[in-house]
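Here is query11.json, consisting of JSON, C-alpha atoms and all ligand atoms:
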[["chain", "number", "residue", "atom", "x", "y", "z"],
["A", 1, "MET", "CA", 6.47, -1.44, 18.82],
["A", 2, "ALA", "CA", 3.06, -2.97, 18.61],
["A", 3, "VAL", "CA", 1.08, -5.05, 16.16],
["A", 4, "LEU", "CA", -2.02, -3.12, 15.10],
["A", 5, "ASP", "CA", -5.41, -4.43, 13.97],
["A", 6, "ILE", "CA", -5.69, -4.52, 10.18],
["A", 7, "ARG", "CA", -8.99, -3.12, 8.91],
["A", 8, "ILE", "CA", -10.88, -5.45, 6.59],
["A", 9, "TYR", "CA", -12.87, -4.71, 3.43],
["A", 10, "GLY", "CA", -16.19, -3.14, 4.35],
["A", 11, "ASP", "CA", -14.61, -0.84, 6.94],
["A", 12, "PRO", "CA", -15.42, 2.69, 5.75],
["A", 13, "VAL", "CA", -11.94, 3.96, 6.71],
["A", 14, "LEU", "CA", -10.53, 2.09, 3.69],
["A", 15, "ARG", "CA", -12.54, 4.40, 1.40],
["A", 16, "LYS", "CA", -11.40, 7.69, 2.93],
["A", 17, "THR", "CA", -9.06, 10.14, 1.21],
["A", 18, "CYS", "CA", -6.14, 10.57, 3.62],
["A", 19, "GLU", "CA", -4.76, 13.87, 4.90],
["A", 20, "PRO", "CA", -1.26, 15.06, 3.97],
["A", 21, "VAL", "CA", 1.32, 15.04, 6.75],
["A", 22, "THR", "CA", 2.43, 18.57, 7.61],
["A", 23, "GLU", "CA", 4.90, 17.67, 10.35],
["A", 24, "ILE", "CA", 6.65, 14.38, 11.05],
["A", 25, "THR", "CA", 6.11, 14.05, 14.78],
["A", 26, "PRO", "CA", 7.43, 11.35, 17.15],
["A", 27, "GLU", "CA", 3.85, 10.02, 17.29],
["A", 28, "LEU", "CA", 3.81, 9.56, 13.51],
["A", 29, "LEU", "CA", 7.20, 7.82, 13.60],
["A", 30, "LYS", "CA", 5.89, 5.47, 16.27],
["A", 31, "LEU", "CA", 2.85, 4.78, 14.09],
["A", 32, "ALA", "CA", 5.20, 4.02, 11.18],
["A", 33, "ASP", "CA", 7.20, 1.58, 13.36],
["A", 34, "ASP", "CA", 4.01, -0.11, 14.53],
["A", 35, "MET", "CA", 2.86, -0.38, 10.91],
["A", 36, "ILE", "CA", 6.20, -1.99, 9.96],
["A", 37, "GLU", "CA", 5.78, -4.56, 12.72],
["A", 38, "THR", "CA", 2.17, -5.17, 11.67],
["A", 39, "MET", "CA", 3.23, -5.60, 8.01],
["A", 40, "TYR", "CA", 5.92, -8.17, 8.90],
["A", 41, "GLU", "CA", 3.60, -10.03, 11.28],
["A", 42, "ALA", "CA", 1.05, -10.35, 8.44],
["A", 43, "ASN", "CA", 3.75, -11.31, 5.86],
["A", 44, "GLY", "CA", 2.82, -8.29, 3.76],
["A", 45, "VAL", "CA", 5.07, -6.29, 1.46],
["A", 46, "GLY", "CA", 3.35, -2.96, 2.15],
["A", 47, "LEU", "CA", 0.86, -1.35, 4.49],
["A", 48, "ALA", "CA", -0.92, 2.00, 4.29],
["A", 49, "ALA", "CA", -2.17, 4.03, 7.26],
["A", 50, "PRO", "CA", -5.92, 3.63, 6.53],
["A", 51, "GLN", "CA", -5.43, -0.15, 6.82],
["A", 52, "VAL", "CA", -4.78, 0.44, 10.51],
["A", 53, "GLY", "CA", -7.54, 3.02, 10.82],
["A", 54, "LYS", "CA", -5.50, 6.22, 10.34],
["A", 55, "THR", "CA", -6.45, 8.64, 7.55],
["A", 56, "ILE", "CA", -2.89, 9.90, 7.10],
["A", 57, "ARG", "CA", -0.75, 9.90, 3.95],
["A", 58, "LEU", "CA", 1.76, 7.36, 5.26],
["A", 59, "THR", "CA", 2.82, 3.98, 3.94],
["A", 60, "VAL", "CA", 5.50, 1.46, 4.82],
["A", 61, "ILE", "CA", 6.95, -0.91, 2.22],
["A", 62, "ASP", "CA", 9.34, -3.83, 2.19],
["A", 63, "PRO", "CA", 9.36, -6.12, -0.83],
["A", 64, "GLN", "CA", 11.38, -8.47, 1.45],
["A", 65, "ASP", "CA", 13.40, -11.25, -0.12],
["A", 66, "ASP", "CA", 11.63, -11.24, -3.46],
["A", 67, "VAL", "CA", 14.13, -11.77, -6.29],
["A", 68, "GLU", "CA", 12.92, -8.57, -7.92],
["A", 69, "THR", "CA", 13.61, -6.46, -4.85],
["A", 70, "ASN", "CA", 15.21, -3.23, -5.85],
["A", 71, "PRO", "CA", 18.47, -3.07, -3.90],
["A", 72, "ASN", "CA", 18.87, 0.68, -4.25],
["A", 73, "TYR", "CA", 16.77, 1.63, -1.26],
["A", 74, "ASP", "CA", 16.89, 1.06, 2.49],
["A", 75, "TYR", "CA", 14.07, -1.21, 3.59],
["A", 76, "PRO", "CA", 11.66, -0.97, 5.21],
["A", 77, "LEU", "CA", 10.69, 2.23, 3.44],
["A", 78, "VAL", "CA", 8.70, 4.78, 5.45],
["A", 79, "LEU", "CA", 7.02, 7.22, 3.06],
["A", 80, "PHE", "CA", 5.06, 10.31, 4.04],
["A", 81, "ASN", "CA", 2.94, 12.05, 1.38],
["A", 82, "PRO", "CA", 4.08, 9.69, -1.40],
["A", 83, "GLU", "CA", 3.07, 10.77, -4.86],
["A", 84, "VAL", "CA", 3.55, 9.27, -8.32],
["A", 85, "ILE", "CA", 5.21, 11.98, -10.41],
["A", 86, "GLU", "CA", 5.99, 9.89, -13.49],
["A", 87, "SER", "CA", 4.62, 6.66, -14.88],
["A", 88, "GLU", "CA", 4.97, 4.76, -18.11],
["A", 89, "GLY", "CA", 4.30, 1.43, -19.75],
["A", 90, "SER", "CA", 1.86, -1.22, -18.74],
["A", 91, "ASP", "CA", 2.23, -4.46, -16.79],
["A", 92, "VAL", "CA", -0.07, -7.19, -15.51],
["A", 93, "PHE", "CA", 0.66, -8.73, -12.12],
["A", 94, "GLU", "CA", -1.33, -10.66, -9.53],
["A", 95, "GLU", "CA", -2.14, -8.57, -6.46],
["A", 96, "GLY", "CA", -3.61, -9.25, -3.07],
["A", 97, "CYS", "CA", -4.25, -7.00, -0.06],
["A", 98, "LEU", "CA", -4.00, -7.53, 3.68],
["A", 99, "SER", "CA", -7.39, -5.79, 3.97],
["A", 100, "ILE", "CA", -9.00, -8.17, 1.43],
["A", 101, "PRO", "CA", -7.81, -11.59, 2.65],
["A", 102, "GLY", "CA", -8.21, -14.51, 0.28],
["A", 103, "VAL", "CA", -8.70, -12.44, -2.89],
["A", 104, "ARG", "CA", -5.94, -12.37, -5.51],
["A", 105, "ARG", "CA", -6.34, -11.14, -9.07],
["A", 106, "ASN", "CA", -4.35, -9.79, -11.98],
["A", 107, "VAL", "CA", -4.20, -6.01, -12.08],
["A", 108, "THR", "CA", -2.92, -3.86, -14.97],
["A", 109, "ARG", "CA", -0.86, -0.85, -13.93],
["A", 110, "PRO", "CA", 1.92, 1.32, -15.35],
["A", 111, "GLN", "CA", 5.19, -0.66, -15.30],
["A", 112, "ARG", "CA", 7.60, 2.06, -14.29],
["A", 113, "VAL", "CA", 6.96, 4.83, -11.79],
["A", 114, "VAL", "CA", 8.87, 7.61, -10.13],
["A", 115, "VAL", "CA", 7.55, 8.42, -6.67],
["A", 116, "LYS", "CA", 8.38, 11.43, -4.57],
["A", 117, "ALA", "CA", 7.91, 11.30, -0.78],
["A", 118, "LEU", "CA", 9.30, 12.42, 2.56],
["A", 119, "ASP", "CA", 11.31, 9.85, 4.52],
["A", 120, "ARG", "CA", 11.33, 9.50, 8.29],
["A", 121, "HIS", "CA", 14.00, 12.24, 8.55],
["A", 122, "ASN", "CA", 11.83, 14.70, 6.61],
["A", 123, "ASN", "CA", 14.10, 14.45, 3.56],
["A", 124, "GLU", "CA", 12.51, 14.48, 0.14],
["A", 125, "ILE", "CA", 13.34, 11.24, -1.65],
["A", 126, "ARG", "CA", 12.66, 9.94, -5.13],
["A", 127, "ILE", "CA", 12.15, 6.28, -5.83],
["A", 128, "GLU", "CA", 12.24, 4.87, -9.33],
["A", 129, "ASP", "CA", 11.38, 1.29, -10.15],
["A", 130, "ASP", "CA", 9.83, -0.97, -12.78],
["A", 131, "GLN", "CA", 9.63, -4.21, -10.80],
["A", 132, "LEU", "CA", 7.80, -5.36, -7.67],
["A", 133, "LEU", "CA", 8.56, -2.15, -5.79],
["A", 134, "ALA", "CA", 6.79, -0.10, -8.49],
["A", 135, "ARG", "CA", 3.76, -2.32, -8.13],
["A", 136, "VAL", "CA", 3.67, -2.05, -4.32],
["A", 137, "LEU", "CA", 4.16, 1.73, -4.42],
["A", 138, "GLN", "CA", 1.14, 2.16, -6.70],
["A", 139, "HIS", "CA", -1.01, -0.20, -4.62],
["A", 140, "GLU", "CA", -0.17, 1.61, -1.37],
["A", 141, "ILE", "CA", -0.59, 5.12, -2.79],
["A", 142, "ASP", "CA", -4.02, 4.03, -4.04],
["A", 143, "HIS", "CA", -4.94, 3.20, -0.42],
["A", 144, "LEU", "CA", -4.22, 6.82, 0.57],
["A", 145, "ASN", "CA", -6.89, 7.88, -1.93],
["A", 146, "GLY", "CA", -9.44, 5.32, -0.76],
["A", 147, "VAL", "CA", -8.80, 3.13, -3.81],
["A", 148, "LEU", "CA", -8.46, -0.66, -3.53],
["A", 149, "PHE", "CA", -6.91, -3.04, -6.07],
["A", 150, "ILE", "CA", -10.32, -4.58, -6.76],
["A", 151, "ASP", "CA", -11.37, -1.20, -8.21],
["A", 152, "HIS", "CA", -8.95, -1.85, -11.11],
["A", 153, "LEU", "CA", -10.46, -5.22, -12.09],
["A", 154, "SER", "CA", -12.32, -5.89, -15.31],
["A", 155, "MET", "CA", -16.07, -6.30, -14.85],
["A", 156, "ILE", "CA", -15.76, -10.07, -15.28],
["A", 157, "ASP", "CA", -13.04, -10.37, -12.61],
["A", 158, "ARG", "CA", -14.93, -8.06, -10.29],
["A", 159, "LEU", "CA", -18.06, -10.20, -10.61],
["A", 160, "ALA", "CA", -15.96, -13.30, -9.95],
["A", 161, "VAL", "CA", -14.69, -11.97, -6.61],
["A", 162, "GLU", "CA", -17.99, -10.37, -5.57],
["A", 163, "PRO", "CA", -19.16, -13.34, -3.42],
["A", 164, "GLN", "CA", -15.85, -13.28, -1.48],
["A", 165, "LEU", "CA", -16.14, -9.51, -1.03],
["A", 166, "ARG", "CA", -19.71, -9.80, 0.21],
["A", 167, "LYS", "CA", -18.61, -12.42, 2.74],
["A", 168, "LEU", "CA", -15.77, -10.18, 4.00],
["A", 169, "LYS", "CA", -18.14, -7.24, 4.32],
["A", 170, "THR", "CA", -20.61, -9.11, 6.46],
["A", 171, "SER", "CA", -18.15, -11.10, 8.59],
["A", 172, "LYS", "CA", -17.35, -9.77, 12.03],
["A", 173, "ILE", "CA", -13.59, -10.21, 11.97],
["B", 201, "ZN", "ZN", -3.67, -3.21, 0.08]]

Once more with this new file: its structure as C-alpha cells, please.
Ligand code: ZN
Amino acid sequence: MAVLDIRIYGDPVLRKTCEPVTEITPELLKLADDMIETMYEANGVGLAAPQVGKTIRLTVIDPQDDVETNPNYDYPLVLFNPEVIESEGSDVFEEGCLSIPGVRRNVTRPQRVVVKALDRHNNEIRIEDDQLLARVLQHEIDHLNGVLFIDHLSMIDRLAVEPQLRKLKTSKI
C-alpha cells in the first residue's frame, strides 16, 4: 500500500464528474487500498477518488472510533458507484474536507440516507444510516460529482471562507 498525494482546492480534478466503474479490477482494488492508507494517514473519515487525482466513482469510508459509528458495517468501506437512493429529514453538522484544509463550516443535508453501491467483491450492498456515516456518505458521493461541501454553504458563510479558499487556490502545496 502507498500513501497518495491529496489534491487541494483549486485543482481542477476536484470539479470533474467521475466515471462509473464497469469492472472491479485488481488495479482498482489496489487504488482503494492506497486510498484507505491515505485516509488513515491524514486522519480522515472518508476519501473519494478525485481527491487523489482519479476521476472514478470510488470512495473509501471509515467513521473510525466516533461514538456515532454505525456498527452494522465492516470498516473501512470500499464503495464503487455509490448512489443515494433514498433520503429524508434535515440535519446541520460541521464538515471539513481533506482537500480544503483549515476550513470547517456547518452544512445542512438530509439526515437519513440509503445508499446503494458495489463492494470490493462486486456485491451490491445497501447502507442505511442517519448519523455520522450518513453525513460522510453524502459528502463523498458529492465529490464524485465534482461537488464540494463549500458549495452547500449559505452566501454569508461562503463569503466568510472566501479568503481561506483564495489562499488555498494560489498556494503551491
Ligand atoms: Zn471532502

Subject >> Contacts to ligand ZN 201 (chain B) at 9 Å cut-off (all atoms listed in the file) as a ChimeraX atom specification >> reply: /A:46-48,51,95-100,136,139-140,142-143,148-149

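Across A:Ala49, A:Val103, A:Met155, A:Ile85, the tightest approach to Ala117 in chain A is made by A:Ile85 when counting all atoms listed in the file.
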
**OP:** Using only C-alpha atoms, pick whichever of A:Ile61, A:Val84, A:Ser154, A:Asp129 has the shortest atom-to-atom distance to Lys116 in chain A.
**Re:** A:Val84

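In this model, the gap between CA of Arg126 in chain A and CA of Val113 in chain A comes to 10.1 Å.
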
Original post:
Pick the closest to Cys18 in chain A from A:Leu133, A:Val161, A:Leu58, A:Val114: which is it, counting only C-alpha atoms?
Top reply: A:Leu58

Subject >> Selected residue of minimal separation from Gln131 in chain A among A:Gly53, A:Pro63, A:Gly102, A:Pro82, counting all atoms listed in the file >> reply: A:Pro63

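If you look at CA of Met1 in chain A and CA of Asp33 in chain A, they are 6.3 Å away from each other.
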
Original post:
Between A:Asp151, A:Glu128, A:Asp119, A:Glu162, which one has atoms that come closest to Leu29 in chain A, using only C-alpha atoms?
Top reply: A:Asp119

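In terms of minimum interatomic distance to Tyr73 in chain A, A:Ile125 ranks closest within A:Gly10, A:Ser171, A:Pro26, A:Ile125, counting only C-alpha atoms.
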
**OP:** Skip Leu4 in chain A itself and residues of its chain fewer than 4 positions away, then list as a ChimeraX atom specification all residues within 10 Å of it, counting all atoms listed in the file.
**Re:** /A:31,34-39,41,51-53
